[in-house]
Amino acid sequence: MMGGLVEVAAAFVGTLGFGFLFNIRGKKLLLAALGGMMSWLLFLLLGFVIEQEAVRYFIVAIMSTVYAEVFARVVKTPATTFCMVSLIPLVPGSALYYSMAYALGGSFEEFAGKALYTLELTAALSMGIVLATACVRYIFAFIAKRKGRN
Amino acid sequence: MTERLLNCVMEIAKRMIEVGAEIHRVEDSVGRICKAYGAKHADIYATISNIVVSVETAEGVVLTQSRRIKKSGTDIESLDRLNSLVRRMTERCPDAEEVREELEKIKKTPNYPAWVGIAFYGVIAGAFCVFFGGRTFAEIIIALFIGVLVGIVAKLNERFKVNKLLGRFLCSFTACCLGFMFVKMRVILTADNVIIGNIMSLIPGVGLTNSLRDLFTGDSVTGALRSIEAILLALAIASGYILTVYLFGGAV
């Protein structure tokens with residue numbers, strides 16, 4: 001429990017750091033960091049109901065894309081602003097490190113397993129983004145059309 | 001639509017790709033601008049390294065221009081401003097002079113000063129060291145310290161225009177070497193979390209995700225280019241680690 005809270009706080013600080021590196025400014029910076037924090041919080045909470053990490057990655061990707069698209073319209077900025085950073089806590093950095101360590105240690109089965117697993121997570125992540133982006137854009141286009149008619 | 005205006009539009013598109021816009025968005029923006037200025041027909045093809053636009057104007061003249069793109073990076077503030085320029089152009093069609101002036105202004109978009117960037121390399125490393133399980137005070141402080149040094153190496157690479165792969169290798173080598181050194185000096189028990197924290201600011205995670213997204217949405221050329229770049233960058237980072245292990249005669 002405590003560990004989870006520490007992770008969420010660290011995710012916030014880490015995402016904020018990336019916001020600075022990517023030259024995000026003003027309240028967009030705060031919103032982007034909050035997005036990163038929430039995607040990790042959601043990932044941890046989903047852990048209580050869903051066991052497979054890839055499925056959780058997929059769902060988190062969908063939710064944070066929706067977050068990005070909605071707030072992009074609220075503060076009038078491209079959705080990329082939030083998309084780029086809010087999924088950073090999900091980037092499999094440790095998986096990459098351990099794959100390297102396994103490869104050097106000569107345990108090739110473990111290396112291949114870890115590397116494939118990394119790819120699986122990344123695929124889940126990007127499929128979630130694509131699906132959610134398409135759906136959200138259709139919905140917003142639909143709303144805009146309805147408004148135009150009234 | 002005139003040759004001069006198309007010239008400006010090409011510059012906008014080029015700049016958008018350079019600061020990290022999605023290819024899909026760039027093609028879409030150029031298409032909408034051409035339509036707003038009364039073009040009968042516009043064909044746009046963009047990848048991360050070049051862009052070609054062919055427009056048939058309202059008078060029936062066909063204009064074609066292309067640009068080669070060599071820079072790549074992420075600068076959200078510039079992207080944001082380019083985006084509002086595009087929106088203004090589609091709404092009220094300013095003339096080429098005005099667009100040119102706006103573009104010059106956007107090129108001078110402020111960025112955070114170098115020391116802020118360097119400091120945040122440290123903050124990122126510290127935060128992700130904690131995130132991936134480094135809970136001792138020594139680990140966090142060392143991750144922060146190494147992060148700052150990696151940030152300095154990254155800025156030096158930018159300054160001297162070092163090849164992207166070599167630059168990433170140098171950053172990774174710095175992080176791994178220092179991490180191993182602190183273990184040898186018995187300041188920390190294991191270098192794992194410290195190195196992972198530092199690797200987070202180096203790995204092409206965003207690049208890999210974007211490349212797969214491009215592949216799924218049909219921008220296959222861009223997707224392929226981006227994924228190859230991401231794999232090469234990951235290999236460069238791994239090489240830094242491998243060299244360190246050999247120098248220290250085995251993992252510590």
# chains A, B, ... in the order shown; residues from 1 in each chain; ligands from 1
>>> interface_residues(of="chain B", to="chain A", cutoff="6 Å", atoms="only C-alpha atoms", output="PyMOL selection string")
chain B and resi 74-77+80+117+120+124+127+131+196+200+205+209+213
>>> select_by_dssp(residues="chain A", states="helix (DSSP H, G or I)", output="ChimeraX atom specification")
/A:2-21,27-46,53-74,80-86,88-90,93-105,108-149
>>> atom_distance(atom1="CA of Lys14 in chain B", atom2="CA of Arg68 in chain B")
8.0 Å
>>> residues_around(residues="Leu63 in chain B", least_positions_apart="4", cutoff="8 Å", atoms="only C-alpha atoms", output="list in words")
Glu3, Ser54, Val55, Glu56 and Thr57 of chain B
>>> write_last_selection(atoms="N, CA, C and O atoms", output="compact mmCIF listing (two decimals), in the first residue's frame")
# COMPACT_ATOMS: atom_id res chain seq x y z
N GLU B 3 3.21 30.52 -55.03
CA GLU B 3 4.47 29.83 -54.75
C GLU B 3 5.02 30.28 -53.40
O GLU B 3 5.51 29.49 -52.61
N SER B 54 2.04 18.68 -53.53
CA SER B 54 1.70 19.10 -54.88
C SER B 54 0.28 19.66 -54.86
O SER B 54 -0.64 18.98 -54.44
N VAL B 55 0.14 20.93 -55.28
CA VAL B 55 -1.17 21.59 -55.19
C VAL B 55 -1.61 22.09 -56.54
O VAL B 55 -0.82 22.65 -57.29
N GLU B 56 -2.89 21.92 -56.83
CA GLU B 56 -3.45 22.56 -58.02
C GLU B 56 -4.24 23.77 -57.53
O GLU B 56 -5.22 23.64 -56.81
N THR B 57 -3.78 24.98 -57.91
CA THR B 57 -4.41 26.20 -57.39
C THR B 57 -5.75 26.45 -58.09
O THR B 57 -6.08 25.78 -59.07
>>> select_by_dssp(residues="range 12-125 of chain B", states="strand (DSSP E)", output="PyMOL selection string")
chain B and resi 41-46+50-56+62-68
>>> write_last_selection(atoms="N, CA and C atoms", output="compact mmCIF listing (two decimals), in the first residue's frame")
# COMPACT_ATOMS: atom_id res chain seq x y z
N HIS B 41 -7.05 20.97 -55.41
CA HIS B 41 -6.61 19.62 -55.16
C HIS B 41 -5.23 19.67 -54.51
N ALA B 42 -5.00 18.84 -53.53
CA ALA B 42 -3.66 18.83 -52.91
C ALA B 42 -3.24 17.42 -52.55
N ASP B 43 -2.02 17.06 -52.94
CA ASP B 43 -1.47 15.76 -52.57
C ASP B 43 -0.31 16.00 -51.62
N ILE B 44 -0.38 15.37 -50.46
CA ILE B 44 0.67 15.58 -49.46
C ILE B 44 1.22 14.23 -49.03
N TYR B 45 2.52 14.15 -49.01
CA TYR B 45 3.14 12.92 -48.50
C TYR B 45 4.27 13.32 -47.56
N ALA B 46 4.18 12.87 -46.31
CA ALA B 46 5.20 13.23 -45.34
C ALA B 46 5.73 12.00 -44.63
N ASN B 50 11.26 13.50 -44.91
CA ASN B 50 10.97 14.43 -46.01
C ASN B 50 9.49 14.68 -46.17
N ILE B 51 9.17 15.74 -46.91
CA ILE B 51 7.76 16.04 -47.16
C ILE B 51 7.62 16.58 -48.58
N VAL B 52 6.61 16.08 -49.30
CA VAL B 52 6.34 16.53 -50.67
C VAL B 52 4.90 16.98 -50.75
N VAL B 53 4.69 18.18 -51.33
CA VAL B 53 3.32 18.68 -51.49
C VAL B 53 3.13 19.12 -52.93
N SER B 54 2.04 18.68 -53.53
CA SER B 54 1.70 19.10 -54.88
C SER B 54 0.28 19.66 -54.86
N VAL B 55 0.14 20.93 -55.28
CA VAL B 55 -1.17 21.59 -55.19
C VAL B 55 -1.61 22.09 -56.54
N GLU B 56 -2.89 21.92 -56.83
CA GLU B 56 -3.45 22.56 -58.02
C GLU B 56 -4.24 23.77 -57.53
N VAL B 62 -0.23 24.13 -61.33
CA VAL B 62 0.19 23.09 -60.39
C VAL B 62 1.52 23.48 -59.75
N LEU B 63 1.56 23.51 -58.42
CA LEU B 63 2.78 23.86 -57.69
C LEU B 63 3.25 22.64 -56.91
N THR B 64 4.56 22.37 -56.97
CA THR B 64 5.09 21.26 -56.20
C THR B 64 6.34 21.69 -55.45
N GLN B 65 6.44 21.33 -54.19
CA GLN B 65 7.66 21.63 -53.43
C GLN B 65 7.96 20.47 -52.51
N SER B 66 9.24 20.34 -52.18
CA SER B 66 9.58 19.30 -51.21
C SER B 66 10.59 19.85 -50.20
N ARG B 67 10.68 19.22 -49.06
CA ARG B 67 11.65 19.61 -48.03
C ARG B 67 12.31 18.36 -47.47
N ARG B 68 13.59 18.49 -47.13
CA ARG B 68 14.30 17.42 -46.46
C ARG B 68 14.37 17.78 -44.99
>>> atom_distance(atom1="CA of Cys129 in chain B", atom2="CA of Ile146 in chain B")
11.3 Å
>>> atom_distance(atom1="CA of Ser84 in chain B", atom2="CA of Glu27 in chain B")
15.7 Å
